[in-house]
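Here's the structure we're looking at; comments come further down.
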Amino acid sequence: MPAVARRVAMLVSRSVGPPVRVAALVGVLALATPSLAQNRVPGERPLEALVKVSLLSFNDANVTGNFTVFHAKLSKPFRQQFTPERLQETFKSFAEQQIDFDIIAAYKPVYEPAALVNGDGRLIVKGYFPTEPTRVLFDLAFIPSDGEWKLISIHVKTEKAPQR
């Protein structure tokens, strides 16, 4: 239980009787749940959606040359560090190579290693999409921002898929 929830629960337990105390504690825990949920790796479908939305938004920015929407979806610290123009410059090689990997929408990501929330509270998601002939590899980090997981770092590359 977060420290704030514990303090409120202690105050409630001192000031009211048992039935009200239980109801108040349930209410405090319900309010604390969204922040607690961000200390855990999302379930399979939400995690897949988070990865795909992040990478497809990046891909759209790269293909169109307009990083404004992608920039708006980043965590606040990431947005403060990188302007849309700086993002465009950073990923210039993708545009020059005309890399377009929107095909990932049709594939399930393979996570290697499994996603985790590290000691700093960052959701770390690494892996690849088993696309052919070129595989899309990703290394993403998210932080809680504006009540949801948002990108704090992104590393994407493509490489030739291994032969079967």
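By order in the structure tokens, chains are A, B, ...; within a chain, residues start at 1; ligands start at 1, following the order shown.
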Contact residues around stretch 81-98 of chain A with only C-alpha atoms at 7 Å, ignoring same-chain residues under 5 positions, as a ChimeraX atom specification:
/A:62-63,65,67-68,71
Write a file of the selected residues as a compact mmCIF listing (two decimals), in the first residue's frame, keeping C-alpha atoms.
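Heads up, here's the output in out_3.txt:
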```txt
# COMPACT_ATOMS: atom_id res chain seq x y z
CA ASN A 62 9.43 8.44 -39.87
CA VAL A 63 7.47 7.73 -43.06
CA GLY A 65 8.67 13.16 -41.78
CA PHE A 67 7.29 13.88 -35.67
CA THR A 68 4.74 16.17 -33.99
CA HIS A 71 6.40 13.72 -29.87
```
Work out how far apart atom CA of A:Ser75 and atom CA of A:Val156 are and give it in Å to one decimal.
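Spanning atom CA of A:Ser75 to atom CA of A:Val156 is a straight-line distance of 17.6 Å.
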Nearest to A:Arg122 by atom-to-atom distance, counting only C-alpha atoms, from A:Lys108, A:Thr134, A:Gln80, A:Ile152
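Result for the nearest residue to A:Arg122: A:Ile152.
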So that I can check the secondary structure, give me every residue of stretch 45-154 of chain A assigned helix (DSSP H, G or I) by backbone DSSP, as a PyMOL selection string.
chain A and resi 45-64+68-72+76-81+84-90+92-96+102-106
As a PDB file with all heavy atoms, in the first residue's frame, please: all residues of stretch 83-157 of chain A that backbone DSSP puts in strand (DSSP E or B).
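Contents of result_28.pdb, as written:
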```
ATOM      1  N   VAL A 110       7.736 -10.685 -29.910  1.00  0.00           N
ATOM      2  CA  VAL A 110       8.427 -11.701 -29.121  1.00  0.00           C
ATOM      3  C   VAL A 110       9.288 -10.914 -28.137  1.00  0.00           C
ATOM      4  O   VAL A 110      10.095 -10.076 -28.544  1.00  0.00           O
ATOM      5  CB  VAL A 110       9.321 -12.593 -30.018  1.00  0.00           C
ATOM      6  CG1 VAL A 110      10.114 -13.577 -29.168  1.00  0.00           C
ATOM      7  CG2 VAL A 110       8.469 -13.317 -31.062  1.00  0.00           C
ATOM      8  N   TYR A 111       9.087 -11.160 -26.850  1.00  0.00           N
ATOM      9  CA  TYR A 111       9.823 -10.416 -25.831  1.00  0.00           C
ATOM     10  C   TYR A 111      11.030 -11.232 -25.381  1.00  0.00           C
ATOM     11  O   TYR A 111      10.900 -12.361 -24.926  1.00  0.00           O
ATOM     12  CB  TYR A 111       8.920 -10.109 -24.632  1.00  0.00           C
ATOM     13  CG  TYR A 111       7.658  -9.384 -25.014  1.00  0.00           C
ATOM     14  CD1 TYR A 111       6.416  -9.999 -24.916  1.00  0.00           C
ATOM     15  CD2 TYR A 111       7.710  -8.090 -25.502  1.00  0.00           C
ATOM     16  CE1 TYR A 111       5.256  -9.339 -25.271  1.00  0.00           C
ATOM     17  CE2 TYR A 111       6.552  -7.417 -25.867  1.00  0.00           C
ATOM     18  CZ  TYR A 111       5.332  -8.050 -25.751  1.00  0.00           C
ATOM     19  OH  TYR A 111       4.182  -7.389 -26.118  1.00  0.00           O
ATOM     20  N   LEU A 116       9.753  -6.207 -17.854  1.00  0.00           N
ATOM     21  CA  LEU A 116       9.845  -6.061 -16.401  1.00  0.00           C
ATOM     22  C   LEU A 116       9.783  -4.598 -16.016  1.00  0.00           C
ATOM     23  O   LEU A 116      10.038  -3.712 -16.836  1.00  0.00           O
ATOM     24  CB  LEU A 116      11.143  -6.688 -15.877  1.00  0.00           C
ATOM     25  CG  LEU A 116      12.464  -6.078 -16.357  1.00  0.00           C
ATOM     26  CD1 LEU A 116      12.937  -4.968 -15.429  1.00  0.00           C
ATOM     27  CD2 LEU A 116      13.524  -7.152 -16.415  1.00  0.00           C
ATOM     28  N   VAL A 117       9.430  -4.358 -14.759  1.00  0.00           N
ATOM     29  CA  VAL A 117       9.516  -3.018 -14.189  1.00  0.00           C
ATOM     30  C   VAL A 117      10.762  -3.029 -13.321  1.00  0.00           C
ATOM     31  O   VAL A 117      10.865  -3.823 -12.385  1.00  0.00           O
ATOM     32  CB  VAL A 117       8.267  -2.662 -13.366  1.00  0.00           C
ATOM     33  CG1 VAL A 117       8.432  -1.291 -12.719  1.00  0.00           C
ATOM     34  CG2 VAL A 117       7.016  -2.675 -14.254  1.00  0.00           C
ATOM     35  N   LEU A 123       9.238   0.600 -17.049  1.00  0.00           N
ATOM     36  CA  LEU A 123       8.811  -0.617 -17.724  1.00  0.00           C
ATOM     37  C   LEU A 123       9.767  -0.827 -18.889  1.00  0.00           C
ATOM     38  O   LEU A 123       9.842  -0.005 -19.800  1.00  0.00           O
ATOM     39  CB  LEU A 123       7.370  -0.466 -18.232  1.00  0.00           C
ATOM     40  CG  LEU A 123       6.830  -1.584 -19.121  1.00  0.00           C
ATOM     41  CD1 LEU A 123       6.816  -2.917 -18.389  1.00  0.00           C
ATOM     42  CD2 LEU A 123       5.427  -1.217 -19.607  1.00  0.00           C
ATOM     43  N   ILE A 124      10.527  -1.903 -18.855  1.00  0.00           N
ATOM     44  CA  ILE A 124      11.524  -2.216 -19.872  1.00  0.00           C
ATOM     45  C   ILE A 124      10.979  -3.332 -20.756  1.00  0.00           C
ATOM     46  O   ILE A 124      10.625  -4.406 -20.264  1.00  0.00           O
ATOM     47  CB  ILE A 124      12.864  -2.665 -19.242  1.00  0.00           C
ATOM     48  CG1 ILE A 124      13.345  -1.658 -18.185  1.00  0.00           C
ATOM     49  CG2 ILE A 124      13.904  -2.938 -20.308  1.00  0.00           C
ATOM     50  CD1 ILE A 124      13.635  -0.269 -18.713  1.00  0.00           C
ATOM     51  N   VAL A 125      10.903  -3.049 -22.066  1.00  0.00           N
ATOM     52  CA  VAL A 125      10.346  -4.018 -23.011  1.00  0.00           C
ATOM     53  C   VAL A 125      11.320  -4.146 -24.179  1.00  0.00           C
ATOM     54  O   VAL A 125      11.548  -3.183 -24.917  1.00  0.00           O
ATOM     55  CB  VAL A 125       8.959  -3.585 -23.524  1.00  0.00           C
ATOM     56  CG1 VAL A 125       8.335  -4.698 -24.347  1.00  0.00           C
ATOM     57  CG2 VAL A 125       8.037  -3.184 -22.381  1.00  0.00           C
ATOM     58  N   LYS A 126      11.898  -5.339 -24.322  1.00  0.00           N
ATOM     59  CA  LYS A 126      12.847  -5.612 -25.398  1.00  0.00           C
ATOM     60  C   LYS A 126      12.358  -6.821 -26.177  1.00  0.00           C
ATOM     61  O   LYS A 126      11.754  -7.730 -25.606  1.00  0.00           O
ATOM     62  CB  LYS A 126      14.237  -5.921 -24.841  1.00  0.00           C
ATOM     63  CG  LYS A 126      14.858  -4.792 -24.060  1.00  0.00           C
ATOM     64  CD  LYS A 126      16.204  -5.197 -23.507  1.00  0.00           C
ATOM     65  CE  LYS A 126      16.788  -4.069 -22.660  1.00  0.00           C
ATOM     66  NZ  LYS A 126      18.117  -4.412 -22.150  1.00  0.00           N
ATOM     67  N   GLY A 127      12.660  -6.816 -27.467  1.00  0.00           N
ATOM     68  CA  GLY A 127      12.292  -7.972 -28.260  1.00  0.00           C
ATOM     69  C   GLY A 127      12.315  -7.673 -29.738  1.00  0.00           C
ATOM     70  O   GLY A 127      13.045  -6.783 -30.196  1.00  0.00           O
ATOM     71  N   TYR A 128      11.479  -8.397 -30.468  1.00  0.00           N
ATOM     72  CA  TYR A 128      11.445  -8.230 -31.914  1.00  0.00           C
ATOM     73  C   TYR A 128      10.105  -8.701 -32.460  1.00  0.00           C
ATOM     74  O   TYR A 128       9.326  -9.371 -31.766  1.00  0.00           O
ATOM     75  CB  TYR A 128      12.584  -9.010 -32.578  1.00  0.00           C
ATOM     76  CG  TYR A 128      12.485 -10.513 -32.406  1.00  0.00           C
ATOM     77  CD1 TYR A 128      11.829 -11.306 -33.356  1.00  0.00           C
ATOM     78  CD2 TYR A 128      13.047 -11.137 -31.294  1.00  0.00           C
ATOM     79  CE1 TYR A 128      11.732 -12.675 -33.196  1.00  0.00           C
ATOM     80  CE2 TYR A 128      12.954 -12.503 -31.134  1.00  0.00           C
ATOM     81  CZ  TYR A 128      12.297 -13.271 -32.087  1.00  0.00           C
ATOM     82  OH  TYR A 128      12.197 -14.635 -31.922  1.00  0.00           O
ATOM     83  N   PHE A 129       9.838  -8.316 -33.683  1.00  0.00           N
ATOM     84  CA  PHE A 129       8.701  -8.831 -34.431  1.00  0.00           C
ATOM     85  C   PHE A 129       9.264  -9.803 -35.458  1.00  0.00           C
ATOM     86  O   PHE A 129      10.203  -9.456 -36.185  1.00  0.00           O
ATOM     87  CB  PHE A 129       7.935  -7.702 -35.121  1.00  0.00           C
ATOM     88  CG  PHE A 129       7.091  -6.902 -34.175  1.00  0.00           C
ATOM     89  CD1 PHE A 129       7.605  -5.804 -33.509  1.00  0.00           C
ATOM     90  CD2 PHE A 129       5.774  -7.272 -33.923  1.00  0.00           C
ATOM     91  CE1 PHE A 129       6.837  -5.078 -32.623  1.00  0.00           C
ATOM     92  CE2 PHE A 129       4.986  -6.546 -33.040  1.00  0.00           C
ATOM     93  CZ  PHE A 129       5.516  -5.451 -32.378  1.00  0.00           C
ATOM     94  N   THR A 134      13.001  -9.043 -43.230  1.00  0.00           N
ATOM     95  CA  THR A 134      13.686  -8.183 -42.270  1.00  0.00           C
ATOM     96  C   THR A 134      12.942  -8.207 -40.945  1.00  0.00           C
ATOM     97  O   THR A 134      11.726  -8.075 -40.907  1.00  0.00           O
ATOM     98  CB  THR A 134      13.755  -6.732 -42.800  1.00  0.00           C
ATOM     99  OG1 THR A 134      14.402  -6.740 -44.067  1.00  0.00           O
ATOM    100  CG2 THR A 134      14.509  -5.838 -41.860  1.00  0.00           C
ATOM    101  N   ARG A 135      13.677  -8.382 -39.882  1.00  0.00           N
ATOM    102  CA  ARG A 135      13.116  -8.422 -38.538  1.00  0.00           C
ATOM    103  C   ARG A 135      13.225  -7.036 -37.907  1.00  0.00           C
ATOM    104  O   ARG A 135      14.227  -6.347 -38.099  1.00  0.00           O
ATOM    105  CB  ARG A 135      13.905  -9.440 -37.728  1.00  0.00           C
ATOM    106  CG  ARG A 135      13.434  -9.618 -36.321  1.00  0.00           C
ATOM    107  CD  ARG A 135      14.218 -10.683 -35.634  1.00  0.00           C
ATOM    108  NE  ARG A 135      13.664 -11.978 -36.037  1.00  0.00           N
ATOM    109  CZ  ARG A 135      14.078 -13.130 -35.553  1.00  0.00           C
ATOM    110  NH1 ARG A 135      15.072 -13.179 -34.712  1.00  0.00           N
ATOM    111  NH2 ARG A 135      13.514 -14.255 -35.942  1.00  0.00           N
ATOM    112  N   VAL A 136      12.202  -6.641 -37.153  1.00  0.00           N
ATOM    113  CA  VAL A 136      12.200  -5.357 -36.446  1.00  0.00           C
ATOM    114  C   VAL A 136      12.505  -5.633 -34.976  1.00  0.00           C
ATOM    115  O   VAL A 136      11.755  -6.347 -34.305  1.00  0.00           O
ATOM    116  CB  VAL A 136      10.838  -4.635 -36.583  1.00  0.00           C
ATOM    117  CG1 VAL A 136      10.841  -3.329 -35.800  1.00  0.00           C
ATOM    118  CG2 VAL A 136      10.501  -4.394 -38.051  1.00  0.00           C
ATOM    119  N   LEU A 137      13.618  -5.084 -34.493  1.00  0.00           N
ATOM    120  CA  LEU A 137      14.032  -5.247 -33.097  1.00  0.00           C
ATOM    121  C   LEU A 137      13.753  -3.955 -32.343  1.00  0.00           C
ATOM    122  O   LEU A 137      13.899  -2.860 -32.904  1.00  0.00           O
ATOM    123  CB  LEU A 137      15.518  -5.571 -33.011  1.00  0.00           C
ATOM    124  CG  LEU A 137      15.915  -6.919 -33.584  1.00  0.00           C
ATOM    125  CD1 LEU A 137      16.267  -6.776 -35.046  1.00  0.00           C
ATOM    126  CD2 LEU A 137      17.068  -7.478 -32.817  1.00  0.00           C
ATOM    127  N   PHE A 138      13.372  -4.085 -31.084  1.00  0.00           N
ATOM    128  CA  PHE A 138      13.054  -2.895 -30.287  1.00  0.00           C
ATOM    129  C   PHE A 138      13.568  -3.041 -28.868  1.00  0.00           C
ATOM    130  O   PHE A 138      13.694  -4.141 -28.338  1.00  0.00           O
ATOM    131  CB  PHE A 138      11.548  -2.615 -30.292  1.00  0.00           C
ATOM    132  CG  PHE A 138      10.713  -3.748 -29.767  1.00  0.00           C
ATOM    133  CD1 PHE A 138      10.442  -3.872 -28.410  1.00  0.00           C
ATOM    134  CD2 PHE A 138      10.193  -4.709 -30.630  1.00  0.00           C
ATOM    135  CE1 PHE A 138       9.680  -4.925 -27.925  1.00  0.00           C
ATOM    136  CE2 PHE A 138       9.424  -5.763 -30.158  1.00  0.00           C
ATOM    137  CZ  PHE A 138       9.166  -5.866 -28.803  1.00  0.00           C
ATOM    138  N   ASP A 139      13.874  -1.907 -28.281  1.00  0.00           N
ATOM    139  CA  ASP A 139      14.276  -1.790 -26.887  1.00  0.00           C
ATOM    140  C   ASP A 139      13.596  -0.518 -26.402  1.00  0.00           C
ATOM    141  O   ASP A 139      14.008   0.595 -26.760  1.00  0.00           O
ATOM    142  CB  ASP A 139      15.800  -1.693 -26.791  1.00  0.00           C
ATOM    143  CG  ASP A 139      16.314  -1.624 -25.361  1.00  0.00           C
ATOM    144  OD1 ASP A 139      15.497  -1.437 -24.424  1.00  0.00           O
ATOM    145  OD2 ASP A 139      17.536  -1.741 -25.182  1.00  0.00           O
ATOM    146  N   LEU A 140      12.530  -0.685 -25.637  1.00  0.00           N
ATOM    147  CA  LEU A 140      11.701   0.442 -25.219  1.00  0.00           C
ATOM    148  C   LEU A 140      11.694   0.563 -23.700  1.00  0.00           C
ATOM    149  O   LEU A 140      11.748  -0.451 -22.999  1.00  0.00           O
ATOM    150  CB  LEU A 140      10.255   0.242 -25.705  1.00  0.00           C
ATOM    151  CG  LEU A 140      10.057  -0.089 -27.178  1.00  0.00           C
ATOM    152  CD1 LEU A 140       8.608  -0.470 -27.457  1.00  0.00           C
ATOM    153  CD2 LEU A 140      10.484   1.077 -28.042  1.00  0.00           C
ATOM    154  N   ALA A 141      11.606   1.776 -23.222  1.00  0.00           N
ATOM    155  CA  ALA A 141      11.439   2.010 -21.790  1.00  0.00           C
ATOM    156  C   ALA A 141      10.301   3.006 -21.619  1.00  0.00           C
ATOM    157  O   ALA A 141      10.202   3.993 -22.359  1.00  0.00           O
ATOM    158  CB  ALA A 141      12.720   2.549 -21.166  1.00  0.00           C
ATOM    159  N   PHE A 142       9.438   2.719 -20.651  1.00  0.00           N
ATOM    160  CA  PHE A 142       8.278   3.555 -20.375  1.00  0.00           C
ATOM    161  C   PHE A 142       8.309   3.971 -18.914  1.00  0.00           C
ATOM    162  O   PHE A 142       8.833   3.242 -18.064  1.00  0.00           O
ATOM    163  CB  PHE A 142       6.981   2.772 -20.618  1.00  0.00           C
ATOM    164  CG  PHE A 142       6.811   2.260 -22.013  1.00  0.00           C
ATOM    165  CD1 PHE A 142       7.331   1.021 -22.379  1.00  0.00           C
ATOM    166  CD2 PHE A 142       6.130   2.994 -22.967  1.00  0.00           C
ATOM    167  CE1 PHE A 142       7.175   0.530 -23.672  1.00  0.00           C
ATOM    168  CE2 PHE A 142       5.966   2.520 -24.260  1.00  0.00           C
ATOM    169  CZ  PHE A 142       6.487   1.285 -24.612  1.00  0.00           C
ATOM    170  N   ILE A 143       7.740   5.137 -18.630  1.00  0.00           N
ATOM    171  CA  ILE A 143       7.549   5.583 -17.250  1.00  0.00           C
ATOM    172  C   ILE A 143       6.089   5.984 -17.089  1.00  0.00           C
ATOM    173  O   ILE A 143       5.427   6.328 -18.069  1.00  0.00           O
ATOM    174  CB  ILE A 143       8.471   6.771 -16.877  1.00  0.00           C
ATOM    175  CG1 ILE A 143       8.201   7.991 -17.763  1.00  0.00           C
ATOM    176  CG2 ILE A 143       9.935   6.357 -16.896  1.00  0.00           C
ATOM    177  CD1 ILE A 143       8.890   9.264 -17.301  1.00  0.00           C
ATOM    178  N   PRO A 144       5.598   5.938 -15.844  1.00  0.00           N
ATOM    179  CA  PRO A 144       4.250   6.449 -15.630  1.00  0.00           C
ATOM    180  C   PRO A 144       4.251   7.958 -15.890  1.00  0.00           C
ATOM    181  O   PRO A 144       5.074   8.688 -15.345  1.00  0.00           O
ATOM    182  CB  PRO A 144       3.969   6.157 -14.157  1.00  0.00           C
ATOM    183  CG  PRO A 144       4.972   5.125 -13.760  1.00  0.00           C
ATOM    184  CD  PRO A 144       6.171   5.367 -14.635  1.00  0.00           C
ATOM    185  N   SER A 145       3.361   8.409 -16.767  1.00  0.00           N
ATOM    186  CA  SER A 145       3.279   9.827 -17.109  1.00  0.00           C
ATOM    187  C   SER A 145       1.838  10.114 -17.509  1.00  0.00           C
ATOM    188  O   SER A 145       1.278   9.399 -18.338  1.00  0.00           O
ATOM    189  CB  SER A 145       4.235  10.135 -18.272  1.00  0.00           C
ATOM    190  OG  SER A 145       4.231  11.506 -18.605  1.00  0.00           O
ATOM    191  N   GLU A 148      -0.543   7.042 -17.353  1.00  0.00           N
ATOM    192  CA  GLU A 148      -0.362   5.859 -18.194  1.00  0.00           C
ATOM    193  C   GLU A 148       1.121   5.676 -18.492  1.00  0.00           C
ATOM    194  O   GLU A 148       1.928   6.552 -18.226  1.00  0.00           O
ATOM    195  CB  GLU A 148      -1.159   5.992 -19.489  1.00  0.00           C
ATOM    196  CG  GLU A 148      -0.791   7.211 -20.332  1.00  0.00           C
ATOM    197  CD  GLU A 148      -1.688   7.386 -21.543  1.00  0.00           C
ATOM    198  OE1 GLU A 148      -1.647   6.527 -22.434  1.00  0.00           O
ATOM    199  OE2 GLU A 148      -2.424   8.371 -21.579  1.00  0.00           O
ATOM    200  N   TRP A 149       1.471   4.524 -19.039  1.00  0.00           N
ATOM    201  CA  TRP A 149       2.843   4.278 -19.441  1.00  0.00           C
ATOM    202  C   TRP A 149       3.132   5.076 -20.708  1.00  0.00           C
ATOM    203  O   TRP A 149       2.390   4.988 -21.675  1.00  0.00           O
ATOM    204  CB  TRP A 149       3.079   2.800 -19.735  1.00  0.00           C
ATOM    205  CG  TRP A 149       3.080   1.899 -18.539  1.00  0.00           C
ATOM    206  CD1 TRP A 149       2.163   0.934 -18.250  1.00  0.00           C
ATOM    207  CD2 TRP A 149       4.052   1.844 -17.490  1.00  0.00           C
ATOM    208  NE1 TRP A 149       2.509   0.296 -17.086  1.00  0.00           N
ATOM    209  CE2 TRP A 149       3.665   0.828 -16.602  1.00  0.00           C
ATOM    210  CE3 TRP A 149       5.221   2.564 -17.224  1.00  0.00           C
ATOM    211  CZ2 TRP A 149       4.399   0.507 -15.459  1.00  0.00           C
ATOM    212  CZ3 TRP A 149       5.947   2.239 -16.086  1.00  0.00           C
ATOM    213  CH2 TRP A 149       5.537   1.227 -15.220  1.00  0.00           C
ATOM    214  N   LYS A 150       4.221   5.854 -20.689  1.00  0.00           N
ATOM    215  CA  LYS A 150       4.641   6.610 -21.870  1.00  0.00           C
ATOM    216  C   LYS A 150       6.140   6.429 -22.076  1.00  0.00           C
ATOM    217  O   LYS A 150       6.896   6.264 -21.121  1.00  0.00           O
ATOM    218  CB  LYS A 150       4.304   8.094 -21.725  1.00  0.00           C
ATOM    219  CG  LYS A 150       2.806   8.353 -21.789  1.00  0.00           C
ATOM    220  CD  LYS A 150       2.516   9.812 -21.952  1.00  0.00           C
ATOM    221  CE  LYS A 150       1.032  10.047 -22.125  1.00  0.00           C
ATOM    222  NZ  LYS A 150       0.743  11.453 -22.350  1.00  0.00           N
ATOM    223  N   LEU A 151       6.541   6.506 -23.336  1.00  0.00           N
ATOM    224  CA  LEU A 151       7.944   6.289 -23.685  1.00  0.00           C
ATOM    225  C   LEU A 151       8.888   7.290 -23.026  1.00  0.00           C
ATOM    226  O   LEU A 151       8.618   8.490 -23.024  1.00  0.00           O
ATOM    227  CB  LEU A 151       8.138   6.415 -25.199  1.00  0.00           C
ATOM    228  CG  LEU A 151       7.859   5.188 -26.044  1.00  0.00           C
ATOM    229  CD1 LEU A 151       7.953   5.545 -27.529  1.00  0.00           C
ATOM    230  CD2 LEU A 151       8.806   4.055 -25.712  1.00  0.00           C
ATOM    231  N   ILE A 152       9.987   6.763 -22.510  1.00  0.00           N
ATOM    232  CA  ILE A 152      11.085   7.589 -22.029  1.00  0.00           C
ATOM    233  C   ILE A 152      12.327   7.329 -22.878  1.00  0.00           C
ATOM    234  O   ILE A 152      13.221   8.144 -22.951  1.00  0.00           O
ATOM    235  CB  ILE A 152      11.362   7.375 -20.519  1.00  0.00           C
ATOM    236  CG1 ILE A 152      12.382   8.382 -19.983  1.00  0.00           C
ATOM    237  CG2 ILE A 152      11.799   5.959 -20.218  1.00  0.00           C
ATOM    238  CD1 ILE A 152      11.920   9.804 -19.947  1.00  0.00           C
ATOM    239  N   SER A 153      12.367   6.158 -23.551  1.00  0.00           N
ATOM    240  CA  SER A 153      13.450   5.903 -24.502  1.00  0.00           C
ATOM    241  C   SER A 153      12.988   4.881 -25.535  1.00  0.00           C
ATOM    242  O   SER A 153      12.128   4.043 -25.250  1.00  0.00           O
ATOM    243  CB  SER A 153      14.724   5.420 -23.802  1.00  0.00           C
ATOM    244  OG  SER A 153      14.583   4.100 -23.343  1.00  0.00           O
ATOM    245  N   ILE A 154      13.573   4.994 -26.724  1.00  0.00           N
ATOM    246  CA  ILE A 154      13.230   4.099 -27.819  1.00  0.00           C
ATOM    247  C   ILE A 154      14.479   3.810 -28.643  1.00  0.00           C
ATOM    248  O   ILE A 154      15.215   4.737 -28.999  1.00  0.00           O
ATOM    249  CB  ILE A 154      12.110   4.688 -28.704  1.00  0.00           C
ATOM    250  CG1 ILE A 154      11.774   3.750 -29.877  1.00  0.00           C
ATOM    251  CG2 ILE A 154      12.438   6.088 -29.180  1.00  0.00           C
ATOM    252  CD1 ILE A 154      10.538   4.153 -30.667  1.00  0.00           C
ATOM    253  N   HIS A 155      14.713   2.537 -28.881  1.00  0.00           N
ATOM    254  CA  HIS A 155      15.782   2.090 -29.763  1.00  0.00           C
ATOM    255  C   HIS A 155      15.144   1.064 -30.696  1.00  0.00           C
ATOM    256  O   HIS A 155      14.586   0.065 -30.227  1.00  0.00           O
ATOM    257  CB  HIS A 155      16.938   1.456 -28.982  1.00  0.00           C
ATOM    258  CG  HIS A 155      17.577   2.398 -28.017  1.00  0.00           C
ATOM    259  ND1 HIS A 155      18.509   3.325 -28.406  1.00  0.00           N
ATOM    260  CD2 HIS A 155      17.399   2.569 -26.688  1.00  0.00           C
ATOM    261  CE1 HIS A 155      18.881   4.028 -27.345  1.00  0.00           C
ATOM    262  NE2 HIS A 155      18.226   3.591 -26.298  1.00  0.00           N
ATOM    263  N   VAL A 156      15.209   1.337 -31.974  1.00  0.00           N
ATOM    264  CA  VAL A 156      14.621   0.455 -32.978  1.00  0.00           C
ATOM    265  C   VAL A 156      15.656   0.214 -34.056  1.00  0.00           C
ATOM    266  O   VAL A 156      16.383   1.131 -34.444  1.00  0.00           O
ATOM    267  CB  VAL A 156      13.367   1.097 -33.627  1.00  0.00           C
ATOM    268  CG1 VAL A 156      12.731   0.144 -34.624  1.00  0.00           C
ATOM    269  CG2 VAL A 156      12.362   1.521 -32.581  1.00  0.00           C
ATOM    270  N   LYS A 157      15.715  -1.032 -34.514  1.00  0.00           N
ATOM    271  CA  LYS A 157      16.576  -1.323 -35.644  1.00  0.00           C
ATOM    272  C   LYS A 157      15.976  -2.479 -36.426  1.00  0.00           C
ATOM    273  O   LYS A 157      15.113  -3.197 -35.937  1.00  0.00           O
ATOM    274  CB  LYS A 157      18.007  -1.610 -35.228  1.00  0.00           C
ATOM    275  CG  LYS A 157      18.216  -2.896 -34.454  1.00  0.00           C
ATOM    276  CD  LYS A 157      19.693  -3.083 -34.109  1.00  0.00           C
ATOM    277  CE  LYS A 157      19.927  -4.418 -33.424  1.00  0.00           C
ATOM    278  NZ  LYS A 157      21.337  -4.644 -33.175  1.00  0.00           N
TER     279      LYS A 157
END
```
Need the shell around A:Leu55: protein/DNA/RNA residues with any atom at most 9 Å away, counting only C-alpha atoms. Skip same-chain ones fewer than 2 positions apart. Format as a list in words?
Leu50, Val51, Lys52, Val53, Ser57, Phe58, Asn59, Asp60, Phe101, Asp102, Ile104, Phe138, Ile154 and Val156 of chain A
File dump, residues just selected, N, CA, C and O atoms, as a compact mmCIF listing (two decimals), in the first residue's frame:
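As written to disk, selection-v2.txt reads:
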```
# COMPACT_ATOMS: atom_id res chain seq x y z
N LEU A 50 0.61 -1.46 -26.19
CA LEU A 50 1.55 -0.39 -25.85
C LEU A 50 2.76 -0.41 -26.79
O LEU A 50 3.17 0.63 -27.31
N VAL A 51 3.31 -1.58 -27.02
CA VAL A 51 4.47 -1.72 -27.91
C VAL A 51 4.10 -1.33 -29.34
O VAL A 51 4.79 -0.53 -29.98
N LYS A 52 2.99 -1.87 -29.84
CA LYS A 52 2.59 -1.59 -31.22
C LYS A 52 2.25 -0.12 -31.44
O LYS A 52 2.67 0.48 -32.42
N VAL A 53 1.49 0.46 -30.52
CA VAL A 53 1.12 1.88 -30.67
C VAL A 53 2.38 2.75 -30.68
O VAL A 53 2.51 3.66 -31.49
N SER A 57 3.44 4.53 -34.14
CA SER A 57 3.47 5.99 -34.11
C SER A 57 4.83 6.51 -34.56
O SER A 57 4.93 7.46 -35.34
N PHE A 58 5.89 5.85 -34.09
CA PHE A 58 7.24 6.20 -34.54
C PHE A 58 7.37 5.97 -36.05
O PHE A 58 7.91 6.80 -36.77
N ASN A 59 6.87 4.84 -36.52
CA ASN A 59 6.96 4.52 -37.95
C ASN A 59 6.22 5.58 -38.79
O ASN A 59 6.74 6.03 -39.81
N ASP A 60 5.02 5.96 -38.36
CA ASP A 60 4.28 7.01 -39.08
C ASP A 60 5.07 8.31 -39.13
O ASP A 60 5.12 8.97 -40.17
N PHE A 101 7.97 -0.12 -41.39
CA PHE A 101 7.70 -1.43 -40.79
C PHE A 101 6.28 -1.54 -40.25
O PHE A 101 6.02 -2.20 -39.25
N ASP A 102 5.32 -0.92 -40.95
CA ASP A 102 3.94 -1.00 -40.48
C ASP A 102 3.38 -2.42 -40.50
O ASP A 102 2.35 -2.69 -39.89
N ILE A 104 4.30 -4.73 -38.78
CA ILE A 104 4.30 -5.27 -37.41
C ILE A 104 2.89 -5.33 -36.83
O ILE A 104 2.64 -6.11 -35.91
N PHE A 138 13.37 -4.08 -31.08
CA PHE A 138 13.05 -2.89 -30.29
C PHE A 138 13.57 -3.04 -28.87
O PHE A 138 13.69 -4.14 -28.34
N ILE A 154 13.57 4.99 -26.72
CA ILE A 154 13.23 4.10 -27.82
C ILE A 154 14.48 3.81 -28.64
O ILE A 154 15.22 4.74 -29.00
N VAL A 156 15.21 1.34 -31.97
CA VAL A 156 14.62 0.45 -32.98
C VAL A 156 15.66 0.21 -34.06
O VAL A 156 16.38 1.13 -34.44
```
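A straight line drawn from atom CA of A:Ala114 to atom CA of A:Thr158 is 20.1 Å long.
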